[in-house]
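Q: Coordinates in structure.cif, mmCIF, C-alpha atoms, are listed below.
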data_target
#
loop_
_atom_site.group_PDB
_atom_site.id
_atom_site.type_symbol
_atom_site.label_atom_id
_atom_site.label_comp_id
_atom_site.auth_asym_id
_atom_site.auth_seq_id
_atom_site.Cartn_x
_atom_site.Cartn_y
_atom_site.Cartn_z
ATOM 1 C CA MET S 1 -28.685 4.743 55.185
ATOM 2 C CA ALA S 2 -27.374 5.854 51.807
ATOM 3 C CA ALA S 3 -24.990 8.821 51.858
ATOM 4 C CA ARG S 4 -26.274 12.062 50.336
ATOM 5 C CA HIS S 5 -22.852 12.976 48.956
ATOM 6 C CA PRO S 6 -20.013 11.045 47.311
ATOM 7 C CA ARG S 7 -17.900 9.187 49.837
ATOM 8 C CA LEU S 8 -14.153 9.455 50.299
ATOM 9 C CA GLY S 9 -12.040 6.421 51.122
ATOM 10 C CA VAL S 10 -9.169 6.995 53.558
ATOM 11 C CA GLU S 11 -6.640 4.304 54.396
ATOM 12 C CA ARG S 12 -6.108 3.615 58.106
ATOM 13 C CA ASP S 13 -2.342 3.382 57.893
ATOM 14 C CA PRO S 14 -0.180 3.711 61.056
ATOM 15 C CA GLU S 15 0.188 7.471 60.598
ATOM 16 C CA MET S 16 -3.570 7.898 60.389
ATOM 17 C CA GLU S 17 -4.146 5.610 63.391
ATOM 18 C CA ARG S 18 -1.692 7.656 65.426
ATOM 19 C CA ALA S 19 -3.375 10.926 64.424
ATOM 20 C CA LEU S 20 -6.788 9.533 65.416
ATOM 21 C CA THR S 21 -5.502 8.257 68.758
ATOM 22 C CA LEU S 22 -3.673 11.446 69.677
ATOM 23 C CA THR S 23 -6.500 13.816 68.772
ATOM 24 C CA GLU S 24 -9.444 11.863 70.174
ATOM 25 C CA PRO S 25 -9.169 13.309 73.715
ATOM 26 C CA LEU S 26 -8.895 16.808 72.276
ATOM 27 C CA LEU S 27 -12.074 16.724 70.213
ATOM 28 C CA ASP S 28 -15.725 17.052 71.108
ATOM 29 C CA PRO S 29 -17.349 13.616 71.728
ATOM 30 C CA LYS S 30 -19.732 14.343 68.832
ATOM 31 C CA GLU S 31 -16.694 14.620 66.590
ATOM 32 C CA THR S 32 -15.333 11.217 67.645
ATOM 33 C CA ARG S 33 -18.495 9.094 67.596
ATOM 34 C CA SER S 34 -16.858 7.171 64.732
ATOM 35 C CA ALA S 35 -13.510 7.167 62.965
ATOM 36 C CA ALA S 36 -15.192 8.683 59.893
ATOM 37 C CA ALA S 37 -16.665 11.503 62.004
ATOM 38 C CA GLN S 38 -13.259 12.130 63.543
ATOM 39 C CA VAL S 39 -11.547 12.261 60.135
ATOM 40 C CA ARG S 40 -14.215 14.730 58.990
ATOM 41 C CA ALA S 41 -13.707 16.928 62.059
ATOM 42 C CA LEU S 42 -9.951 16.884 61.618
ATOM 43 C CA THR S 43 -10.291 17.761 57.937
ATOM 44 C CA LEU S 44 -12.536 20.753 58.633
ATOM 45 C CA ARG S 45 -10.390 21.992 61.510
ATOM 46 C CA GLY S 46 -7.260 21.392 59.452
ATOM 47 C CA ALA S 47 -8.640 23.438 56.565
ATOM 48 C CA GLN S 48 -9.335 26.337 58.931
ATOM 49 C CA ALA S 49 -5.810 26.103 60.334
ATOM 50 C CA VAL S 50 -4.294 26.052 56.847
ATOM 51 C CA LEU S 51 -6.323 29.088 55.796
ATOM 52 C CA ALA S 52 -5.460 30.948 58.986
ATOM 53 C CA GLY S 53 -1.771 30.386 58.304
ATOM 54 C CA ALA S 54 -2.008 31.204 54.615
ATOM 55 C CA GLY S 55 -1.090 34.532 53.111
ATOM 56 C CA GLU S 56 -3.642 37.218 52.420
ATOM 57 C CA SER S 57 -3.832 36.340 48.731
ATOM 58 C CA ALA S 58 -4.585 32.680 49.418
ATOM 59 C CA ARG S 59 -7.306 33.614 51.905
ATOM 60 C CA LEU S 60 -8.866 36.017 49.426
ATOM 61 C CA GLN S 61 -8.904 33.317 46.758
ATOM 62 C CA ALA S 62 -10.468 30.874 49.231
ATOM 63 C CA ARG S 63 -13.127 33.481 50.011
ATOM 64 C CA LEU S 64 -13.916 33.930 46.310
ATOM 65 C CA VAL S 65 -14.193 30.164 45.916
ATOM 66 C CA GLU S 66 -16.517 29.928 48.905
ATOM 67 C CA LEU S 67 -18.765 32.855 48.009
ATOM 68 C CA HIS S 68 -18.812 32.721 44.223
ATOM 69 C CA GLY S 69 -17.657 29.250 43.182
ATOM 70 C CA ALA S 70 -14.518 30.797 41.700
ATOM 71 C CA VAL S 71 -11.833 28.708 40.059
ATOM 72 C CA PRO S 72 -8.604 29.817 41.740
ATOM 73 C CA ALA S 73 -5.612 30.927 39.713
ATOM 74 C CA THR S 74 -3.066 28.181 39.217
ATOM 75 C CA GLY S 75 -0.283 30.447 38.004
ATOM 76 C CA ASP S 76 1.028 33.990 38.205
ATOM 77 C CA LEU S 77 -0.227 36.315 35.496
ATOM 78 C CA LEU S 78 2.989 38.320 35.557
ATOM 79 C CA ALA S 79 5.131 35.215 35.127
ATOM 80 C CA ILE S 80 4.470 35.371 31.384
ATOM 81 C CA GLY S 81 6.571 38.540 31.312
ATOM 82 C CA PRO S 82 6.269 41.365 28.806
ATOM 83 C CA PRO S 83 5.417 40.406 25.242
ATOM 84 C CA PRO S 84 8.357 40.468 22.840
ATOM 85 C CA GLY S 85 8.936 43.342 20.467
ATOM 86 C CA GLU S 86 8.400 47.069 20.505
ATOM 87 C CA PRO S 87 4.969 48.494 21.365
ATOM 88 C CA ASP S 88 2.776 48.550 18.280
ATOM 89 C CA PRO S 89 0.742 51.773 18.042
ATOM 90 C CA SER S 90 -1.773 50.042 15.785
ATOM 91 C CA ALA S 91 -2.916 48.007 18.851
ATOM 92 C CA PRO S 92 -3.154 44.623 17.120
ATOM 93 C CA ALA S 93 -4.306 42.752 20.241
ATOM 94 C CA THR S 94 -7.071 45.253 20.911
ATOM 95 C CA GLU S 95 -8.164 44.982 17.292
ATOM 96 C CA ALA S 96 -8.160 41.167 17.522
ATOM 97 C CA LEU S 97 -10.268 41.314 20.690
ATOM 98 C CA GLN S 98 -12.752 43.578 18.939
ATOM 99 C CA TRP S 99 -12.968 40.961 16.191
ATOM 100 C CA ALA S 100 -13.464 38.223 18.816
ATOM 101 C CA ARG S 101 -16.252 40.295 20.377
ATOM 102 C CA GLY S 102 -17.889 40.760 17.003
ATOM 103 C CA GLN S 103 -17.365 44.523 16.959
ATOM 104 C CA MET N 1 -15.182 28.278 56.354
ATOM 105 C CA GLY N 2 -16.429 31.686 57.424
ATOM 106 C CA ALA N 3 -13.352 33.752 56.577
ATOM 107 C CA GLY N 4 -13.945 37.484 56.844
ATOM 108 C CA PRO N 5 -13.040 40.079 54.221
ATOM 109 C CA VAL N 6 -9.342 40.221 53.424
ATOM 110 C CA GLY N 7 -7.190 42.271 51.055
ATOM 111 C CA PRO N 8 -8.621 43.550 47.819
ATOM 112 C CA ALA N 9 -8.315 41.999 44.389
ATOM 113 C CA ALA N 10 -8.346 43.652 40.978
ATOM 114 C CA TYR N 11 -10.849 42.765 38.266
ATOM 115 C CA ILE N 12 -9.296 42.259 34.825
ATOM 116 C CA ASP N 13 -11.308 42.928 31.678
ATOM 117 C CA ALA N 14 -10.270 41.309 28.394
ATOM 118 C CA SER N 15 -9.407 44.752 26.986
ATOM 119 C CA ALA N 16 -6.572 44.837 29.534
ATOM 120 C CA LEU N 17 -5.557 41.189 29.387
ATOM 121 C CA VAL N 18 -4.954 41.133 25.632
ATOM 122 C CA LYS N 19 -2.343 43.877 25.969
ATOM 123 C CA LEU N 20 -0.151 41.162 27.494
ATOM 124 C CA PHE N 21 -0.392 39.061 24.328
ATOM 125 C CA LYS N 22 1.205 41.583 21.939
ATOM 126 C CA ALA N 23 3.109 44.695 22.972
ATOM 127 C CA GLU N 24 0.901 47.766 22.738
ATOM 128 C CA VAL N 25 1.610 51.316 23.863
ATOM 129 C CA GLU N 26 0.025 50.741 27.294
ATOM 130 C CA THR N 27 1.525 47.294 27.969
ATOM 131 C CA ALA N 28 4.500 48.379 30.099
ATOM 132 C CA ALA N 29 2.396 50.675 32.292
ATOM 133 C CA LEU N 30 -0.237 47.967 32.665
ATOM 134 C CA LEU N 31 2.342 45.382 33.782
ATOM 135 C CA ALA N 32 3.791 47.804 36.335
ATOM 136 C CA GLU N 33 0.360 48.548 37.821
ATOM 137 C CA LEU N 34 -0.734 44.893 37.823
ATOM 138 C CA ALA N 35 2.228 44.088 40.048
ATOM 139 C CA GLN N 36 0.475 46.013 42.819
ATOM 140 C CA TRP N 37 -2.474 43.600 42.732
ATOM 141 C CA PRO N 38 -1.466 40.019 43.557
ATOM 142 C CA VAL N 39 -5.009 38.647 43.278
ATOM 143 C CA ARG N 40 -6.528 39.192 39.835
ATOM 144 C CA VAL N 41 -10.112 38.217 39.166
ATOM 145 C CA ALA N 42 -12.069 37.904 35.943
ATOM 146 C CA SER N 43 -15.234 36.420 34.539
ATOM 147 C CA ALA N 44 -14.734 32.885 33.239
ATOM 148 C CA LEU N 45 -15.875 34.430 29.949
ATOM 149 C CA ILE N 46 -12.386 35.879 29.575
ATOM 150 C CA THR N 47 -10.922 32.466 28.751
ATOM 151 C CA VAL N 48 -12.990 32.364 25.554
ATOM 152 C CA GLU N 49 -12.157 35.957 24.667
ATOM 153 C CA ALA N 50 -8.457 35.345 25.300
ATOM 154 C CA ILE N 51 -8.213 32.240 23.150
ATOM 155 C CA CYS N 52 -10.289 33.697 20.300
ATOM 156 C CA THR N 53 -8.156 36.851 20.357
ATOM 157 C CA ALA N 54 -4.929 34.854 20.387
ATOM 158 C CA ARG N 55 -6.080 32.731 17.469
ATOM 159 C CA ARG N 56 -6.996 35.860 15.536
ATOM 160 C CA LEU N 57 -3.517 37.266 16.236
ATOM 161 C CA GLY N 58 -2.016 33.952 15.154
ATOM 162 C CA GLY N 59 1.041 31.994 16.191
ATOM 163 C CA LYS N 60 1.741 29.302 18.753
ATOM 164 C CA ALA N 61 3.639 31.631 21.083
ATOM 165 C CA VAL N 62 0.718 34.060 21.376
ATOM 166 C CA LEU N 63 -1.699 31.212 22.007
ATOM 167 C CA GLU N 64 0.554 29.877 24.769
ATOM 168 C CA ARG N 65 0.768 33.351 26.343
ATOM 169 C CA ALA N 66 -3.011 33.593 26.325
ATOM 170 C CA GLN N 67 -3.403 30.177 27.966
ATOM 171 C CA ALA N 68 -0.784 30.989 30.616
ATOM 172 C CA ALA N 69 -2.330 34.405 31.263
ATOM 173 C CA THR N 70 -5.783 32.997 31.996
ATOM 174 C CA LYS N 71 -4.258 30.504 34.436
ATOM 175 C CA GLY N 72 -3.050 33.510 36.403
ATOM 176 C CA LEU N 73 -6.606 34.716 36.972
ATOM 177 C CA THR N 74 -9.152 33.650 39.572
ATOM 178 C CA LEU N 75 -12.180 32.961 37.404
ATOM 179 C CA ILE N 76 -15.744 33.719 38.449
ATOM 180 C CA PRO N 77 -18.327 31.463 36.767
ATOM 181 C CA VAL N 78 -21.147 33.074 34.797
ATOM 182 C CA SER N 79 -23.872 32.256 37.321
ATOM 183 C CA ALA N 80 -27.619 32.746 36.967
ATOM 184 C CA GLU N 81 -27.339 35.796 39.242
ATOM 185 C CA ILE N 82 -24.661 37.337 37.012
ATOM 186 C CA VAL N 83 -26.799 36.716 33.919
ATOM 187 C CA ARG N 84 -29.742 38.387 35.669
ATOM 188 C CA LEU N 85 -27.599 41.363 36.665
ATOM 189 C CA ALA N 86 -26.101 41.634 33.168
ATOM 190 C CA GLY N 87 -29.636 41.799 31.776
ATOM 191 C CA ASP N 88 -30.465 44.908 33.801
ATOM 192 C CA PRO N 89 -30.514 48.155 31.816
ATOM 193 C CA HIS N 90 -27.129 49.877 31.995
ATOM 194 C CA THR N 91 -26.143 53.485 31.603
ATOM 195 C CA PRO N 92 -24.367 53.952 29.293
ATOM 196 C CA PRO N 93 -25.717 51.042 27.209
ATOM 197 C CA LEU N 94 -23.267 48.149 27.037
ATOM 198 C CA ARG N 95 -22.542 45.365 24.615
ATOM 199 C CA ALA N 96 -23.468 41.900 25.872
ATOM 200 C CA MET N 97 -19.994 40.727 26.877
ATOM 201 C CA ASP N 98 -19.218 44.044 28.549
ATOM 202 C CA ALA N 99 -22.471 43.709 30.493
ATOM 203 C CA ILE N 100 -21.370 40.273 31.734
ATOM 204 C CA HIS N 101 -17.984 41.637 32.814
ATOM 205 C CA LEU N 102 -19.638 44.547 34.620
ATOM 206 C CA ALA N 103 -22.143 42.257 36.332
ATOM 207 C CA THR N 104 -19.329 39.940 37.427
ATOM 208 C CA ALA N 105 -17.293 42.805 38.831
ATOM 209 C CA LEU N 106 -20.361 44.094 40.689
ATOM 210 C CA THR N 107 -20.966 40.617 42.117
ATOM 211 C CA VAL N 108 -17.479 40.451 43.643
ATOM 212 C CA ARG N 109 -17.197 44.161 44.432
ATOM 213 C CA ASN N 110 -16.748 43.578 48.172
ATOM 214 C CA ASP N 111 -13.416 41.952 47.405
ATOM 215 C CA VAL N 112 -12.398 44.059 44.400
ATOM 216 C CA ALA N 113 -10.860 47.504 44.741
ATOM 217 C CA ALA N 114 -10.042 48.239 41.100
ATOM 218 C CA MET N 115 -11.020 47.203 37.592
ATOM 219 C CA PHE N 116 -8.499 47.188 34.756
ATOM 220 C CA VAL N 117 -10.392 48.125 31.605
ATOM 221 C CA TYR N 118 -9.430 49.969 28.417
ATOM 222 C CA ASP N 119 -12.775 49.724 26.632
ATOM 223 C CA GLY N 120 -14.277 53.209 26.802
ATOM 224 C CA GLU N 121 -17.918 52.280 27.378
ATOM 225 C CA LEU N 122 -17.170 49.631 29.993
ATOM 226 C CA HIS N 123 -14.725 52.015 31.677
ATOM 227 C CA ALA N 124 -17.471 54.634 31.912
ATOM 228 C CA ALA N 125 -19.957 52.111 33.292
ATOM 229 C CA ALA N 126 -17.431 50.882 35.858
ATOM 230 C CA LYS N 127 -16.836 54.468 36.901
ATOM 231 C CA ALA N 128 -20.566 55.076 37.261
ATOM 232 C CA HIS N 129 -20.725 52.062 39.585
ATOM 233 C CA LYS N 130 -17.677 53.254 41.563
ATOM 234 C CA LEU N 131 -15.613 50.206 40.614
ATOM 235 C CA ASN N 132 -12.442 52.317 40.373
ATOM 236 C CA PRO N 133 -11.625 51.624 36.717
ATOM 237 C CA LEU N 134 -7.931 51.830 35.798
ATOM 238 C CA ALA N 135 -6.354 52.130 32.350
ATOM 239 C CA PRO N 136 -2.641 52.701 32.931
ATOM 240 C CA ALA N 137 -0.892 54.305 29.941
#
Turn this file's structure into structure tokens for me.
A:
Amino acid sequence: MAARHPRLGVERDPEMERALTLTEPLLDPKETRSAAAQVRALTLRGAQAVLAGAGESARLQARLVELHGAVPATGDLLAIGPPPGEPDPSAPATEALQWARGQ
Amino acid sequence: MGAGPVGPAAYIDASALVKLFKAEVETAALLAELAQWPVRVASALITVEAICTARRLGGKAVLERAQAATKGLTLIPVSAEIVRLAGDPHTPPLRAMDAIHLATALTVRNDVAAMFVYDGELHAAAKAHKLNPLAPA
């Protein structure tokens, strides 16, 4: 039967074989009916374990991805640091945004 | 994955973000307050606003700051639901892009505890919707 979703190829190297062997007795029989099913079960359980161990910020981002299809931040906004120069009372960036917004 | 609600994020409007491109009077206060909010969320629309603003300001350094700044935001796509919500009548009346930002913030409001916005009309609308608008100065 054709798969409904794109498939993912995973190499059965010795490390993978060992992981499959060691975890088989620990999983539900439905999760080990095939090697592919077992890899899927381990992936889903692994994702939950990673999220559970992640910091609050990472879990919040994961929640936004799950609920709203968000694209997570890949950097830190504050890492850009303050802009150079003295504050300009004429607010050039605000004025440029107003131009960009057609105001 | 079924994760329950966790700590709050802050929504960032373009009127706040651009103050990180060129130093304005409020920039230092904004940076200090942003440090309290490790997860910063915005509409994906902000990437266009940021780049257009940076190009208007001119200079490679400003453009690079704008690109780096948007990478520090968790971006919410402009979904059909957000477009529908943005098309609802607002009080006070909003410009189109402000309406999209407001609709996006309302969509993620369960995970957002503040909205950084310096635009007066959007600030008022955010306040009316109890989105806790902030404009540090």
Q: Would you write out, as a Markdown table, a table of all residues in region 45-98 of chain S that have an atom no more than 8 Å from an atom of region 37-52 of chain N, listing for each the closest atom pair and the distance in Å to one decimal, considering all atoms listed in the file and ordering rows by chain and rising residue number?
A:
| residue | atom | partner | partner_atom | distance |
| --- | --- | --- | --- | --- |
| S:Ser57 | CA | N:Val39 | CA | 6.0 |
| S:Leu60 | CA | N:Val39 | CA | 7.7 |
| S:Gln61 | CA | N:Val39 | CA | 7.5 |
| S:Leu97 | CA | N:Glu49 | CA | 6.9 |
Q: Which residue is closest to chain N? Choose from S:Leu8, S:Val71, S:Met16, S:Ala49 and count only C-alpha atoms.
A: S:Val71
Q: Name the residues captured by the PyMOL selection byres ((chain N and resi 70) around 9) when it is applied to the shown file; answer as a list of chain:residue names.
A: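 So the PyMOL selection byres ((chain N and resi 70) around 9), applied here, picks out S:Ala73, S:Gly75, S:Leu77, N:Leu17, N:Ala42, N:Ile46, N:Thr47, N:Ala50, N:Arg65, N:Ala66, N:Gln67, N:Ala68, N:Ala69, N:Lys71, N:Gly72, N:Leu73, N:Thr74, N:Leu75.
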Q: Using all atoms listed in the file, which of N:Lys127, N:Asp98, N:Glu24, N:Ala103 sits nearest Val83 (chain N)?
A: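 Checking each candidate against Val83 (chain N), we get N:Ala103 as the closest.
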Q: Expressed in Å to a single decimal, how great is the separation between CA of Pro92 (chain N) and CA of Asp111 (chain N)?
A: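 It comes out at 24.3 Å.
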Q: Please return, as a ChimeraX atom specification, all residues of chain S lying within 9 Å of chain N when all atoms listed in the file are considered.
A: /S:44,47-48,51-52,56-101
Q: Could you turn the residues from that selection into a file that holds C-alpha atoms, as a short mmCIF file (atom, residue, chain, number, x, y, z; two decimals), keeping the file's coordinate frame?
A:
data_model
loop_
_atom_site.label_atom_id
_atom_site.label_comp_id
_atom_site.auth_asym_id
_atom_site.auth_seq_id
_atom_site.Cartn_x
_atom_site.Cartn_y
_atom_site.Cartn_z
CA LEU S 44 -12.54 20.75 58.63
CA ALA S 47 -8.64 23.44 56.56
CA GLN S 48 -9.34 26.34 58.93
CA LEU S 51 -6.32 29.09 55.80
CA ALA S 52 -5.46 30.95 58.99
CA GLU S 56 -3.64 37.22 52.42
CA SER S 57 -3.83 36.34 48.73
CA ALA S 58 -4.58 32.68 49.42
CA ARG S 59 -7.31 33.61 51.90
CA LEU S 60 -8.87 36.02 49.43
CA GLN S 61 -8.90 33.32 46.76
CA ALA S 62 -10.47 30.87 49.23
CA ARG S 63 -13.13 33.48 50.01
CA LEU S 64 -13.92 33.93 46.31
CA VAL S 65 -14.19 30.16 45.92
CA GLU S 66 -16.52 29.93 48.90
CA LEU S 67 -18.76 32.85 48.01
CA HIS S 68 -18.81 32.72 44.22
CA GLY S 69 -17.66 29.25 43.18
CA ALA S 70 -14.52 30.80 41.70
CA VAL S 71 -11.83 28.71 40.06
CA PRO S 72 -8.60 29.82 41.74
CA ALA S 73 -5.61 30.93 39.71
CA THR S 74 -3.07 28.18 39.22
CA GLY S 75 -0.28 30.45 38.00
CA ASP S 76 1.03 33.99 38.20
CA LEU S 77 -0.23 36.32 35.50
CA LEU S 78 2.99 38.32 35.56
CA ALA S 79 5.13 35.22 35.13
CA ILE S 80 4.47 35.37 31.38
CA GLY S 81 6.57 38.54 31.31
CA PRO S 82 6.27 41.36 28.81
CA PRO S 83 5.42 40.41 25.24
CA PRO S 84 8.36 40.47 22.84
CA GLY S 85 8.94 43.34 20.47
CA GLU S 86 8.40 47.07 20.50
CA PRO S 87 4.97 48.49 21.36
CA ASP S 88 2.78 48.55 18.28
CA PRO S 89 0.74 51.77 18.04
CA SER S 90 -1.77 50.04 15.78
CA ALA S 91 -2.92 48.01 18.85
CA PRO S 92 -3.15 44.62 17.12
CA ALA S 93 -4.31 42.75 20.24
CA THR S 94 -7.07 45.25 20.91
CA GLU S 95 -8.16 44.98 17.29
CA ALA S 96 -8.16 41.17 17.52
CA LEU S 97 -10.27 41.31 20.69
CA GLN S 98 -12.75 43.58 18.94
CA TRP S 99 -12.97 40.96 16.19
CA ALA S 100 -13.46 38.22 18.82
CA ARG S 101 -16.25 40.30 20.38
#
Q: Can you work out the spacing between CA of His123 (chain N) and CA of His101 (chain N) in Å, to one decimal?
A: 10.9 Å
Q: Just checking: using all atoms listed in the file, which residue out of N:Ala80, N:Leu30, N:Ala126, N:Ala137 ends up closest to Ala105 (chain N)?
A: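 Answer, going by the shortest atom-to-atom distance: N:Ala126.
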Q: If the PyMOL selection byres ((chain S and resi 24) around 12) were run on this exact file, what residues would it hold? Put them as a ChimeraX atom specification.
A: /S:17-23,25-35,37-39,41-42
Q: Go through N:Leu85, N:Ala125, N:Leu134, N:Ala10 and flag the residue nearest Asn110 (chain N), using all atoms listed in the file for the distances.
A: N:Ala10
Q: Considering only C-alpha atoms, can you say which of N:Leu106, N:Val117, N:Leu94, N:Leu63 comes closest to Glu81 (chain N)?
A: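 Checking each candidate against Glu81 (chain N), we get N:Leu106 as the closest.
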Q: For CA of His129 (chain N) and CA of Met115 (chain N), determine how far apart the two atoms are, in Å to one decimal place.
A: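 Straight-line distance from CA of His129 (chain N) to CA of Met115 (chain N) works out to 11.0 Å.
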Q: Can you tell me, as an mmCIF file with C-alpha atoms, in the coordinates of the input, what residues are no more than 8 Å from Ala99 (chain N) when counting all atoms listed in the file, ignoring any on the same chain fewer than 6 positions away?
A:
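Below you can see out-v6.cif, which holds the result:
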data_model
loop_
_atom_site.group_PDB
_atom_site.id
_atom_site.type_symbol
_atom_site.label_atom_id
_atom_site.label_comp_id
_atom_site.auth_asym_id
_atom_site.auth_seq_id
_atom_site.Cartn_x
_atom_site.Cartn_y
_atom_site.Cartn_z
ATOM 1 C CA ALA N 86 -26.101 41.634 33.168
ATOM 2 C CA GLY N 87 -29.636 41.799 31.776
ATOM 3 C CA HIS N 90 -27.129 49.877 31.995
ATOM 4 C CA LEU N 122 -17.170 49.631 29.993
#
Q: Could I see region 84-98 of chain S restored to N, CA and C atoms, set down as a PDB file, in the frame of the given file?
A:
ATOM      1  N   PRO S  84       7.159  40.067  23.579  1.00  0.00           N
ATOM      2  CA  PRO S  84       8.357  40.468  22.840  1.00  0.00           C
ATOM      3  C   PRO S  84       8.054  41.587  21.854  1.00  0.00           C
ATOM      4  N   GLY S  85       9.079  42.311  21.502  1.00  0.00           N
ATOM      5  CA  GLY S  85       8.936  43.342  20.467  1.00  0.00           C
ATOM      6  C   GLY S  85       8.606  44.705  21.023  1.00  0.00           C
ATOM      7  N   GLU S  86       8.719  45.682  20.152  1.00  0.00           N
ATOM      8  CA  GLU S  86       8.400  47.069  20.505  1.00  0.00           C
ATOM      9  C   GLU S  86       6.884  47.264  20.519  1.00  0.00           C
ATOM     10  N   PRO S  87       6.412  48.211  21.358  1.00  0.00           N
ATOM     11  CA  PRO S  87       4.969  48.494  21.365  1.00  0.00           C
ATOM     12  C   PRO S  87       4.464  48.877  19.974  1.00  0.00           C
ATOM     13  N   ASP S  88       3.341  48.296  19.600  1.00  0.00           N
ATOM     14  CA  ASP S  88       2.776  48.550  18.280  1.00  0.00           C
ATOM     15  C   ASP S  88       1.621  49.539  18.414  1.00  0.00           C
ATOM     16  N   PRO S  89       1.801  50.760  17.895  1.00  0.00           N
ATOM     17  CA  PRO S  89       0.742  51.773  18.042  1.00  0.00           C
ATOM     18  C   PRO S  89      -0.574  51.390  17.361  1.00  0.00           C
ATOM     19  N   SER S  90      -0.526  50.423  16.463  1.00  0.00           N
ATOM     20  CA  SER S  90      -1.773  50.042  15.785  1.00  0.00           C
ATOM     21  C   SER S  90      -2.645  49.138  16.658  1.00  0.00           C
ATOM     22  N   ALA S  91      -2.151  48.791  17.863  1.00  0.00           N
ATOM     23  CA  ALA S  91      -2.916  48.007  18.851  1.00  0.00           C
ATOM     24  C   ALA S  91      -3.503  46.727  18.259  1.00  0.00           C
ATOM     25  N   PRO S  92      -2.641  45.833  17.789  1.00  0.00           N
ATOM     26  CA  PRO S  92      -3.154  44.623  17.120  1.00  0.00           C
ATOM     27  C   PRO S  92      -3.970  43.717  18.044  1.00  0.00           C
ATOM     28  N   ALA S  93      -3.574  43.630  19.321  1.00  0.00           N
ATOM     29  CA  ALA S  93      -4.306  42.752  20.241  1.00  0.00           C
ATOM     30  C   ALA S  93      -5.700  43.312  20.525  1.00  0.00           C
ATOM     31  N   THR S  94      -5.776  44.624  20.682  1.00  0.00           N
ATOM     32  CA  THR S  94      -7.071  45.253  20.911  1.00  0.00           C
ATOM     33  C   THR S  94      -7.979  45.048  19.698  1.00  0.00           C
ATOM     34  N   GLU S  95      -7.390  45.186  18.521  1.00  0.00           N
ATOM     35  CA  GLU S  95      -8.164  44.982  17.292  1.00  0.00           C
ATOM     36  C   GLU S  95      -8.648  43.533  17.192  1.00  0.00           C
ATOM     37  N   ALA S  96      -7.777  42.586  17.572  1.00  0.00           N
ATOM     38  CA  ALA S  96      -8.160  41.167  17.522  1.00  0.00           C
ATOM     39  C   ALA S  96      -9.262  40.862  18.535  1.00  0.00           C
ATOM     40  N   LEU S  97      -9.195  41.511  19.695  1.00  0.00           N
ATOM     41  CA  LEU S  97     -10.268  41.314  20.690  1.00  0.00           C
ATOM     42  C   LEU S  97     -11.589  41.854  20.155  1.00  0.00           C
ATOM     43  N   GLN S  98     -11.519  43.014  19.500  1.00  0.00           N
ATOM     44  CA  GLN S  98     -12.752  43.578  18.939  1.00  0.00           C
ATOM     45  C   GLN S  98     -13.347  42.620  17.911  1.00  0.00           C
TER      46      GLN S  98
END
